[in-house]
Every structure is written in C-alpha cells, then in structure tokens.
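> Below you will find the structure I want to go over with you.
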Amino acid sequence: MVTFYCDGCGALVFFESVTCVSCGRALGFLPDVMAMTALEPAGDAWKSLADGSQGKLYRPCANGVDYGVCNWYVPVEESEGLCAACRLNEMIPDTSVPDNRERWHRAEIAKRRLVYTLRRLDLPTEGDGDAAGARPPLRVRFLADVPGEAPVMTGHANGVITLNLAEADDAERERRRVQLFEPQRTLVGHFRHESGHYYWSVLIADSPWHERVRALFGDERADYAAALSAYYANGPSATWPDECVTAYASAHPWEDWAETWAHLLHMTDSLETAASFGLSVRHRHPSARTMSAEPGKAVAAGATFDTVLDNWFPLTNALNSLNRGLGLPDLYPYVLSPKAIEKLRLVHEVITTARGVPAVVRV
C-alpha cells in the first residue's frame, strides 16, 4: 500500500485514519482516485482536497455514518449509500450483540485492505451477471457464532467469503493459530486466502490456464472433504516444505492455490509499502541480493516476478532481524522452496495477464 499524507498539512496518515491528528481535518479514502484525502465540509457534502479528485464532492459511506466501521467515501452523484467496499457485503452482523460492532470494524479494515489490493491489481469482482455459466460476483458475509448452533465456518463458496467474527478477537484467533500449528493467522490473511478460492473459479476453472495450474499444483478433482479430513487427522504432507508455501497448502490443490495466492498478495502489499516509504536494503554480504525500492517498482502488477523476488528477500531478512532485536517472533516465518517460488511465479503470471480483463475465455 502506498504512503498517504494529509492534503491539508502534509502529516503522515494511515489507511484506517478518520481524522488528521496534526491539523484535525476529516480524512477518508476515495476509491475513485485510490487515495486517502483530507476533506472539508461543503454544505451537506464534503469537498476533497486531493489533487486527483479535482475538488469533487463526496458523502461518507452509510456504514461509517450508521455504525462507525468504514472510512471510505462515495461521490455525491452516485445513488448508492454504501462505498465500493461495503457494497460487497451480503450480510453484516447483529450490532446489538455486545462486541459484534467492534469485531466487525476490525474485520472491515482487513477486508478493505483486500479490496484496495484487488483494485490496484485491476482484478474483477463483479462477475458476469446472469449469463449462462456466469461466474458469480465477489461478496462477503460477516457472521458470529450463536450459542447452541453449529459454529460459523470461515470459508468461500460460490463467490461468497464468510468470516466468523470470532477471528476478530485477538485472543481467540491466537488460540486457533496455536491449536492448528500455524506460523501466522490474521484477518487480512483470511481475506486474501479466501479471495484465492474465488479467483480460482473466476480465472482458472475451465480456462486456458487450467491444465497448466493443475500440472503444477495438483489435480483439484481429488476429494476435497476427504483431503481436509486427512490433513486434520494426520497433519501435513512430510514433503510440504519442498513443495508449498505453508503446511496447510499441502492439504489439497485448491488450498495450495489459495495459500500461494494469499502469499503473493502479502508480498505485493508489503513491497508497495516499503517502496512508498523509500526503503532501501543493501546487505554487506557479497552474495546477498539488493533491494531497490523505487516507489511503485516493487508492486507485483507493475514488475516482473524476478524483480518482486529481488526486493522481497532482503526486505524480509531485515524485518526479521529487527523483530529479533526487539525480542519478537520473526515477522516473516517462511522459507520459500524452489517449487513454492515456481507456484508464486505462475500466480503472478495469471494476475498480470488478467489485469483489466472483464472475463476469462473458457475452453
């Protein structure tokens, strides 16, 4: 994600900000210009100070007004009350239940980071309408467990990502991470992973990519339920470190694709952030790779995959060393094998080929 600054005073602001702590101006994200901006009142609307918006008028997303969970804005000429990100919501939680609103707020922040990345990569989210064999639009359901009923399962089905709001509770999410022997478990990680399942159906299934992806990731026609049952009963494949980005990726080819997809989105967002801050990492070891962090150069959508890797390794080495110096776990607790890198390279190729394409030709 690029670095944002207040248009009024120049102070650093963040993607989640609603007010500039330096000058007190209102802040919001404008999806039509893909920027955080300072806003000033203009009657019943708000005027953006961002150069790219050319003084357009906006109103806050209804979910920000009614629930305080969104900081995106809508151009006044649009009839929709919800912003581009909140329009993806198919179901929101019951905010009369204690803690649901705060957990939803945390989950919305993670979802908007996914939406930001998808828009930066120009990936389609609205499907094919009602055409025969149409792919579905991407939608999100936020659900909470109800006592006495079956627990909500976080996952994806037919274009809908479902998130159990329990994942927005830090203690509960950490408990699940430890129980499942995962190196990381985050809200944004959930959204990126589940979006991978969505884009399998949108970009891969029955497309010219299908056989190539199947040859590398495995045959997805293997019984999915049986594969997951075996994974949870017996653990990951013994060869997963040589083949996959994570242990869970070895459960089934669909999970391998989703984990690899999510990993590339992690890399894309992190490298864009590092580049936007002007970070440059140069190891002294003569065989070490050098990170060249020109703004925007490291973004997967605008760089070759080799450039992404050349930036990624020195950045993660530096971040892990900084964390260890603070007595914290490695920020990036992964080792990418040659096979995992090959899979990431293919995902990168799929994404860069699909940019701006409203539909994938089926075979």
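Labeling convention for the structure tokens: chains A, B, ... as they appear, residues from 1 per chain, ligands from 1 in order of appearance.
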Enumerate the residues of stretch 80-237 of chain A with a DSSP assignment of helix (DSSP H, G or I), computed from the backbone, and present them as a PyMOL selection string.

chain A and resi 86-88+100-120+165-168+170-179+187-204+210-217+224-234

> Taking only C-alpha atoms into account, produce a table as a tab-separated table in which each residue of stretch 238-348 of chain A with an atom at most 12 Å from an atom of stretch 135-157 of chain A appears once, together with its shortest atom pair and the distance in Å to one decimal, ordered by chain and rising number.


```
residue	atom	partner	partner_atom	distance
A:Trp254	CA	A:His156	CA	11.4
A:Glu255	CA	A:Gly155	CA	11.1
A:Ala258	CA	A:His156	CA	10.6
```

> Using only N, CA and C atoms, please write the residues we just selected to a file, as a compact mmCIF listing (two decimals), in the first residue's frame.


```txt
# COMPACT_ATOMS: atom_id res chain seq x y z
N TRP A 254 -6.59 -27.09 -4.17
CA TRP A 254 -7.31 -25.82 -4.02
C TRP A 254 -6.70 -24.98 -2.90
N GLU A 255 -6.34 -25.64 -1.78
CA GLU A 255 -5.74 -24.92 -0.67
C GLU A 255 -4.32 -24.45 -1.02
N ALA A 258 -4.87 -21.32 -3.03
CA ALA A 258 -5.33 -20.21 -2.20
C ALA A 258 -4.22 -19.68 -1.30
```

> Write out as a ChimeraX atom specification which residues come within 9 Å of A:Pro75 when counting only C-alpha atoms, dropping same-chain ones fewer than 2 positions away.

/A:30,32,56-60,73,77-79,83

> Set the distance at 7 Å and use only C-alpha atoms: which residues neighbour stretch 177-189 of chain A once local chain neighbours fewer than 4 positions away are removed? I'd like the list as an MDAnalysis selection string.

chainID A and resid 107 110:111 114 167:168 173 193 262 333

> Quick one: everything within 12 Å of A:Ala222, counting only C-alpha atoms, minus sequence neighbours fewer than 6 positions away in the same chain. Send it as a ChimeraX atom specification.

/A:214,228,251-255

> In terms of the shortest atom-to-atom distance over only C-alpha atoms, which of A:Met36, A:Val76, A:Ala226, A:Leu118 is closest to A:Thr352?

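Of the candidates, the smallest distance to A:Thr352 is held by A:Leu118.
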
> Between atom CA of A:Ala354 and atom CA of A:Val245, what distance in Å does the model show, to one decimal?

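Atom CA of A:Ala354 sits 22.7 Å away from atom CA of A:Val245.
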
> Identify, on the basis of only C-alpha atoms, every residue whose closest approach to A:Glu108 does not exceed 9 Å; exclude the query and any residue fewer than 2 positions from it along the same chain; express the result as a PDB file with N, CA and C atoms, in the first residue's frame.


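Ended up saving to around.pdb:
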```
ATOM      1  N   VAL A  69     -17.885   1.972  11.101  1.00  0.00           N
ATOM      2  CA  VAL A  69     -16.976   0.882  10.749  1.00  0.00           C
ATOM      3  C   VAL A  69     -16.282   1.102   9.405  1.00  0.00           C
ATOM      4  N   CYS A  70     -16.541   2.250   8.747  1.00  0.00           N
ATOM      5  CA  CYS A  70     -15.983   2.472   7.407  1.00  0.00           C
ATOM      6  C   CYS A  70     -15.535   3.922   7.262  1.00  0.00           C
ATOM      7  N   ALA A  85     -16.422  -0.720  -1.299  1.00  0.00           N
ATOM      8  CA  ALA A  85     -16.047  -1.888  -0.497  1.00  0.00           C
ATOM      9  C   ALA A  85     -17.240  -2.467   0.245  1.00  0.00           C
ATOM     10  N   CYS A  86     -18.066  -1.603   0.821  1.00  0.00           N
ATOM     11  CA  CYS A  86     -19.213  -2.092   1.599  1.00  0.00           C
ATOM     12  C   CYS A  86     -20.316  -2.657   0.717  1.00  0.00           C
ATOM     13  N   ARG A 103     -15.770  -5.949  16.594  1.00  0.00           N
ATOM     14  CA  ARG A 103     -15.154  -7.015  15.808  1.00  0.00           C
ATOM     15  C   ARG A 103     -15.409  -6.817  14.318  1.00  0.00           C
ATOM     16  N   TRP A 104     -16.610  -6.374  13.980  1.00  0.00           N
ATOM     17  CA  TRP A 104     -16.921  -6.094  12.576  1.00  0.00           C
ATOM     18  C   TRP A 104     -16.021  -4.982  12.055  1.00  0.00           C
ATOM     19  N   HIS A 105     -15.800  -3.953  12.878  1.00  0.00           N
ATOM     20  CA  HIS A 105     -14.924  -2.852  12.480  1.00  0.00           C
ATOM     21  C   HIS A 105     -13.531  -3.375  12.139  1.00  0.00           C
ATOM     22  N   ARG A 106     -12.978  -4.226  12.982  1.00  0.00           N
ATOM     23  CA  ARG A 106     -11.651  -4.784  12.712  1.00  0.00           C
ATOM     24  C   ARG A 106     -11.653  -5.609  11.430  1.00  0.00           C
ATOM     25  N   ALA A 110      -9.614  -5.087   7.543  1.00  0.00           N
ATOM     26  CA  ALA A 110      -8.893  -6.128   6.809  1.00  0.00           C
ATOM     27  C   ALA A 110      -9.499  -6.333   5.428  1.00  0.00           C
ATOM     28  N   LYS A 111     -10.833  -6.342   5.349  1.00  0.00           N
ATOM     29  CA  LYS A 111     -11.489  -6.531   4.049  1.00  0.00           C
ATOM     30  C   LYS A 111     -11.144  -5.391   3.101  1.00  0.00           C
ATOM     31  N   ARG A 112     -11.122  -4.157   3.615  1.00  0.00           N
ATOM     32  CA  ARG A 112     -10.810  -3.022   2.749  1.00  0.00           C
ATOM     33  C   ARG A 112      -9.368  -3.071   2.255  1.00  0.00           C
ATOM     34  N   ARG A 113      -8.468  -3.645   3.037  1.00  0.00           N
ATOM     35  CA  ARG A 113      -7.097  -3.824   2.544  1.00  0.00           C
ATOM     36  C   ARG A 113      -7.086  -4.801   1.364  1.00  0.00           C
TER      37      ARG A 113
END
```

> Calculate how many Å separate atom CA of A:Ile161 from atom CA of A:Ser195, rounding to one decimal.

7.4 Å

> I'd like the neighbourhood of stretch 37-40 of chain A as a ChimeraX atom specification, where a residue qualifies if any of its atoms comes within 6 Å (using only C-alpha atoms), though same-chain residues fewer than 2 positions away should be ignored.

/A:6-7,26-28,46-50

> Just the selected residues (N, CA and C atoms), exported as an mmCIF file, in the first residue's frame, please.


```
data_model
loop_
_atom_site.group_PDB
_atom_site.id
_atom_site.type_symbol
_atom_site.label_atom_id
_atom_site.label_comp_id
_atom_site.auth_asym_id
_atom_site.auth_seq_id
_atom_site.Cartn_x
_atom_site.Cartn_y
_atom_site.Cartn_z
ATOM 1 N N CYS A 6 -1.646 13.893 4.664
ATOM 2 C CA CYS A 6 -2.768 14.831 4.738
ATOM 3 C C CYS A 6 -2.600 15.923 3.682
ATOM 4 N N ASP A 7 -3.644 16.139 2.887
ATOM 5 C CA ASP A 7 -3.581 17.171 1.848
ATOM 6 C C ASP A 7 -3.584 18.579 2.443
ATOM 7 N N ALA A 26 -10.986 16.207 8.621
ATOM 8 C CA ALA A 26 -11.572 14.899 8.370
ATOM 9 C C ALA A 26 -10.785 14.201 7.265
ATOM 10 N N LEU A 27 -10.641 12.889 7.385
ATOM 11 C CA LEU A 27 -9.926 12.086 6.398
ATOM 12 C C LEU A 27 -10.826 10.956 5.917
ATOM 13 N N GLY A 28 -10.633 10.555 4.680
ATOM 14 C CA GLY A 28 -11.371 9.413 4.157
ATOM 15 C C GLY A 28 -10.705 8.889 2.911
ATOM 16 N N TRP A 46 -18.991 16.765 1.370
ATOM 17 C CA TRP A 46 -17.603 17.019 1.736
ATOM 18 C C TRP A 46 -16.793 17.239 0.463
ATOM 19 N N LYS A 47 -15.926 18.226 0.504
ATOM 20 C CA LYS A 47 -15.067 18.522 -0.633
ATOM 21 C C LYS A 47 -13.689 17.931 -0.392
ATOM 22 N N SER A 48 -13.211 17.157 -1.366
ATOM 23 C CA SER A 48 -11.891 16.557 -1.255
ATOM 24 C C SER A 48 -10.806 17.560 -1.591
ATOM 25 N N LEU A 49 -9.703 17.503 -0.837
ATOM 26 C CA LEU A 49 -8.549 18.363 -1.110
ATOM 27 C C LEU A 49 -7.496 17.649 -1.949
ATOM 28 N N ALA A 50 -7.740 16.384 -2.302
ATOM 29 C CA ALA A 50 -6.779 15.621 -3.097
ATOM 30 C C ALA A 50 -6.710 16.170 -4.518
#
```
